[in-house]
Amino acid sequence: MDGIIRILYSFKFTVFGVDIDSGNLIGTVEKLTNFSNVKGINIWSIGKTVNDVIVPIALSLLILFFMINLIKKSMEVERISWERLAMSFVSFLLLKYFIQNGYDFLSSIMNITNDIFVNITQAISNSNSSINIADTLINAVPDGFVDSIMTYGLYLILFIPFMTTIVQILTQIFLRVVKLILCFAFSPIPIALAADDEGRGKAIQYFLFAASVGIEAVIIYLATNIYSIGLAGLSSTVGSTNAISTIVALLFLNGMYLAIIQYASQFAEKLTGGH
């Protein structure tokens, strides 16, 4: 029966070039939140490819919005001046530069947020990253024949809700990776919108949102550490609690971990103002 539990509660697979290991779920999540590691995922190149396609479109939009803005200023006869026209052309050239180099500019923002992430990971030590969930459950099985059979039956019944939360956790982590790819892919568009006075606020808000996606990694890491501490405490009390209490506690930890990860994006957006 121990082998069946290990098969059910221990899984290893590779998706998008990333190794997913339930025996080291915490370490797997940490690898997916570090921007340096994320850039090594095989789907990351999609962002650069789409960005290269969007740049010419963004340049066309920039010219269109620049001409519209220039016409608006020309119609304000009493306010028109050479200084205002010169500043419009300077703004146009700056925006053109940022559109053509928006990918690198956004990379700089992400590198700054990743430095915060790295500093926090170094400050908060995590010695529980290799806790194996399957081993924790097996150690909780009582010695009695009847009790052990009932416990294994309980594990089989609760496997589906347990795996559902694990899949949701991994999905949320990969969702952040996809959000990063989308931020990089379409970054030229909000820069082009900044050519219009009303669009500048939206462009700033876009990059604040991108920064919030970077900050989200820090919150996920903190959630991972909370989950790690919970698993360590659960593993240390296995001998003094029954199997039902162990599985309920494990489901609670998974649910709390998922809830924090889901809230991470909201909190990061509030933190940066990029909502």
# chains A, B, ... in the order shown; residues from 1 in each chain; ligands from 1
>>> select_by_dssp(residues="stretch 15-196 of chain A", states="strand (DSSP E or B)", output="NGL selection string")
:A and (15 or 18-21)
>>> write_last_selection(atoms="N, CA and C atoms", output="CSV table (one decimal), in the first residue's frame")
chain,number,residue,atom,x,y,z
A,15,VAL,N,7.1,19.9,-18.0
A,15,VAL,CA,6.2,20.7,-18.9
A,15,VAL,C,6.9,22.0,-19.2
A,18,VAL,N,10.3,22.5,-17.8
A,18,VAL,CA,10.4,22.7,-16.3
A,18,VAL,C,10.1,21.4,-15.6
A,19,ASP,N,11.0,20.9,-14.8
A,19,ASP,CA,10.8,19.7,-14.0
A,19,ASP,C,9.9,20.0,-12.8
A,20,ILE,N,8.8,19.3,-12.7
A,20,ILE,CA,7.8,19.4,-11.6
A,20,ILE,C,8.0,18.2,-10.8
A,21,ASP,N,8.3,18.4,-9.5
A,21,ASP,CA,8.5,17.3,-8.6
A,21,ASP,C,7.7,17.5,-7.3
>>> residues_around(residues="A:Asp196", least_positions_apart="2", cutoff="12 Å", atoms="only C-alpha atoms", output="list in words")
Leu61, Leu62, Ile63, Leu64, Phe65, Phe66, Met67, Ile68, Asn69, Leu70, Ile71, Lys72, Lys73, Ser88, Ser91, Phe92, Leu95, Pro190, Ile191, Ala192, Leu193, Ala194, Glu198, Gly199, Arg200, Gly201, Lys202 and Ala203 of chain A
>>> select_by_dssp(residues="stretch 51-270 of chain A", states="alpha helix (DSSP H)", output="NGL selection string")
:A and (51-75 or 82-100 or 102-123 or 133-139 or 145-157 or 159-185 or 188-193 or 200-236 or 243-270)
>>> closest_atom_pairs(of="stretch 183-238 of chain A", to="stretch 170-177 of chain A", cutoff="9 Å", atoms="only C-alpha atoms", output="tab-separated table")
residue	atom	partner	partner_atom	distance
A:Val213	CA	A:Arg176	CA	7.0
A:Gly214	CA	A:Arg176	CA	8.9
A:Glu216	CA	A:Arg176	CA	8.1
A:Ala217	CA	A:Arg176	CA	8.4
A:Ile220	CA	A:Ile173	CA	8.4
>>> atom_distance(atom1="atom CA of A:Gly230", atom2="atom CA of A:Leu253")
6.8 Å
>>> residues_around(residues="A:Gly102", least_positions_apart="4", cutoff="12 Å", atoms="only C-alpha atoms", output="list in words")
Gly47, Lys48, Asn51, Asp52, Ile54, Val55, Ala58, Leu59, Leu94, Leu95, Lys96, Tyr97, Phe98, Leu106, Ser107, Ser108, Ile109, Cys183, Phe184, Ala185, Phe186, Ser187, Pro188, Ile189, Pro190, Ile191, Ala192, Ala203 and Phe207 of chain A
>>> write_last_selection(atoms="N, CA and C atoms", output="short mmCIF file (atom, residue, chain, number, x, y, z; two decimals), in the first residue's frame")
data_model
loop_
_atom_site.label_atom_id
_atom_site.label_comp_id
_atom_site.auth_asym_id
_atom_site.auth_seq_id
_atom_site.Cartn_x
_atom_site.Cartn_y
_atom_site.Cartn_z
N GLY A 47 7.42 35.69 -26.13
CA GLY A 47 7.29 37.10 -25.81
C GLY A 47 8.14 37.98 -26.71
N LYS A 48 9.38 37.57 -26.97
CA LYS A 48 10.28 38.33 -27.82
C LYS A 48 9.80 38.31 -29.27
N ASN A 51 6.83 40.56 -29.55
CA ASN A 51 7.30 41.93 -29.37
C ASN A 51 7.87 42.49 -30.67
N ASP A 52 8.64 41.67 -31.37
CA ASP A 52 9.24 42.12 -32.64
C ASP A 52 8.16 42.41 -33.68
N ILE A 54 5.02 43.38 -32.89
CA ILE A 54 4.22 44.51 -32.40
C ILE A 54 4.93 45.85 -32.59
N VAL A 55 6.26 45.86 -32.58
CA VAL A 55 7.02 47.12 -32.66
C VAL A 55 6.63 47.96 -33.87
N ALA A 58 3.26 49.44 -33.30
CA ALA A 58 3.31 50.49 -32.28
C ALA A 58 3.90 51.78 -32.86
N LEU A 59 4.89 51.66 -33.73
CA LEU A 59 5.48 52.85 -34.36
C LEU A 59 4.46 53.56 -35.24
N LEU A 94 11.70 60.35 -28.00
CA LEU A 94 11.89 59.52 -26.81
C LEU A 94 10.98 58.29 -26.83
N LEU A 95 9.72 58.51 -27.21
CA LEU A 95 8.79 57.39 -27.26
C LEU A 95 9.18 56.39 -28.34
N LYS A 96 9.67 56.90 -29.45
CA LYS A 96 10.15 56.02 -30.53
C LYS A 96 11.30 55.15 -30.02
N TYR A 97 12.19 55.76 -29.26
CA TYR A 97 13.32 55.00 -28.70
C TYR A 97 12.83 53.92 -27.73
N PHE A 98 11.88 54.29 -26.88
CA PHE A 98 11.38 53.32 -25.90
C PHE A 98 10.60 52.20 -26.57
N LEU A 106 11.76 46.91 -20.20
CA LEU A 106 10.96 46.07 -19.31
C LEU A 106 11.82 45.04 -18.61
N SER A 107 12.85 44.55 -19.30
CA SER A 107 13.79 43.61 -18.67
C SER A 107 14.50 44.26 -17.49
N SER A 108 14.81 45.54 -17.62
CA SER A 108 15.47 46.26 -16.53
C SER A 108 14.55 46.36 -15.32
N ILE A 109 13.26 46.62 -15.57
CA ILE A 109 12.29 46.68 -14.48
C ILE A 109 12.20 45.33 -13.78
N CYS A 183 3.27 40.66 -20.85
CA CYS A 183 3.77 42.02 -20.56
C CYS A 183 4.89 42.40 -21.51
N PHE A 184 5.81 41.47 -21.74
CA PHE A 184 6.92 41.73 -22.65
C PHE A 184 6.45 41.80 -24.10
N ALA A 185 5.51 40.93 -24.47
CA ALA A 185 5.07 40.84 -25.85
C ALA A 185 4.39 42.13 -26.34
N PHE A 186 3.55 42.73 -25.49
CA PHE A 186 2.73 43.86 -25.93
C PHE A 186 3.18 45.20 -25.34
N SER A 187 4.37 45.25 -24.78
CA SER A 187 4.86 46.49 -24.16
C SER A 187 4.93 47.69 -25.11
N PRO A 188 5.18 47.52 -26.43
CA PRO A 188 5.24 48.70 -27.30
C PRO A 188 3.92 49.47 -27.41
N ILE A 189 2.78 48.77 -27.27
CA ILE A 189 1.48 49.42 -27.47
C ILE A 189 1.22 50.55 -26.46
N PRO A 190 1.34 50.30 -25.14
CA PRO A 190 1.09 51.40 -24.20
C PRO A 190 2.08 52.55 -24.34
N ILE A 191 3.30 52.23 -24.80
CA ILE A 191 4.28 53.31 -25.01
C ILE A 191 3.80 54.20 -26.15
N ALA A 192 3.27 53.60 -27.21
CA ALA A 192 2.75 54.38 -28.33
C ALA A 192 1.58 55.25 -27.90
N ALA A 203 0.01 54.37 -19.99
CA ALA A 203 1.33 53.78 -20.22
C ALA A 203 2.07 53.57 -18.90
N PHE A 207 3.26 49.83 -17.00
CA PHE A 207 4.57 49.44 -16.49
C PHE A 207 4.53 49.21 -14.97
#
>>> closest_residue(among="A:Ile112, A:Leu8, A:Ile219, A:Val50", to="A:Ala259", atoms="only C-alpha atoms")
A:Ile219
>>> closest_residue(among="A:Leu182, A:Ala223, A:Leu258, A:Leu250", to="A:Tyr155", atoms="only C-alpha atoms")
A:Leu250
>>> atom_distance(atom1="atom CA of A:Thr164", atom2="atom CA of A:Phe117")
28.0 Å
>>> atom_distance(atom1="atom CA of A:Ile226", atom2="atom CA of A:Val29")
13.0 Å
>>> closest_residue(among="A:Ile229, A:Ile160, A:Ser245, A:Gln266", to="A:Phe209", atoms="only C-alpha atoms")
A:Gln266
>>> closest_residue(among="A:Ile166, A:Ala264, A:Leu251, A:Ile215", to="A:Ile120", atoms="only C-alpha atoms")
A:Ile215
>>> closest_residue(among="A:Ile43, A:Ala134, A:Ile261, A:Leu32", to="A:Phe16", atoms="only C-alpha atoms")
A:Ile43
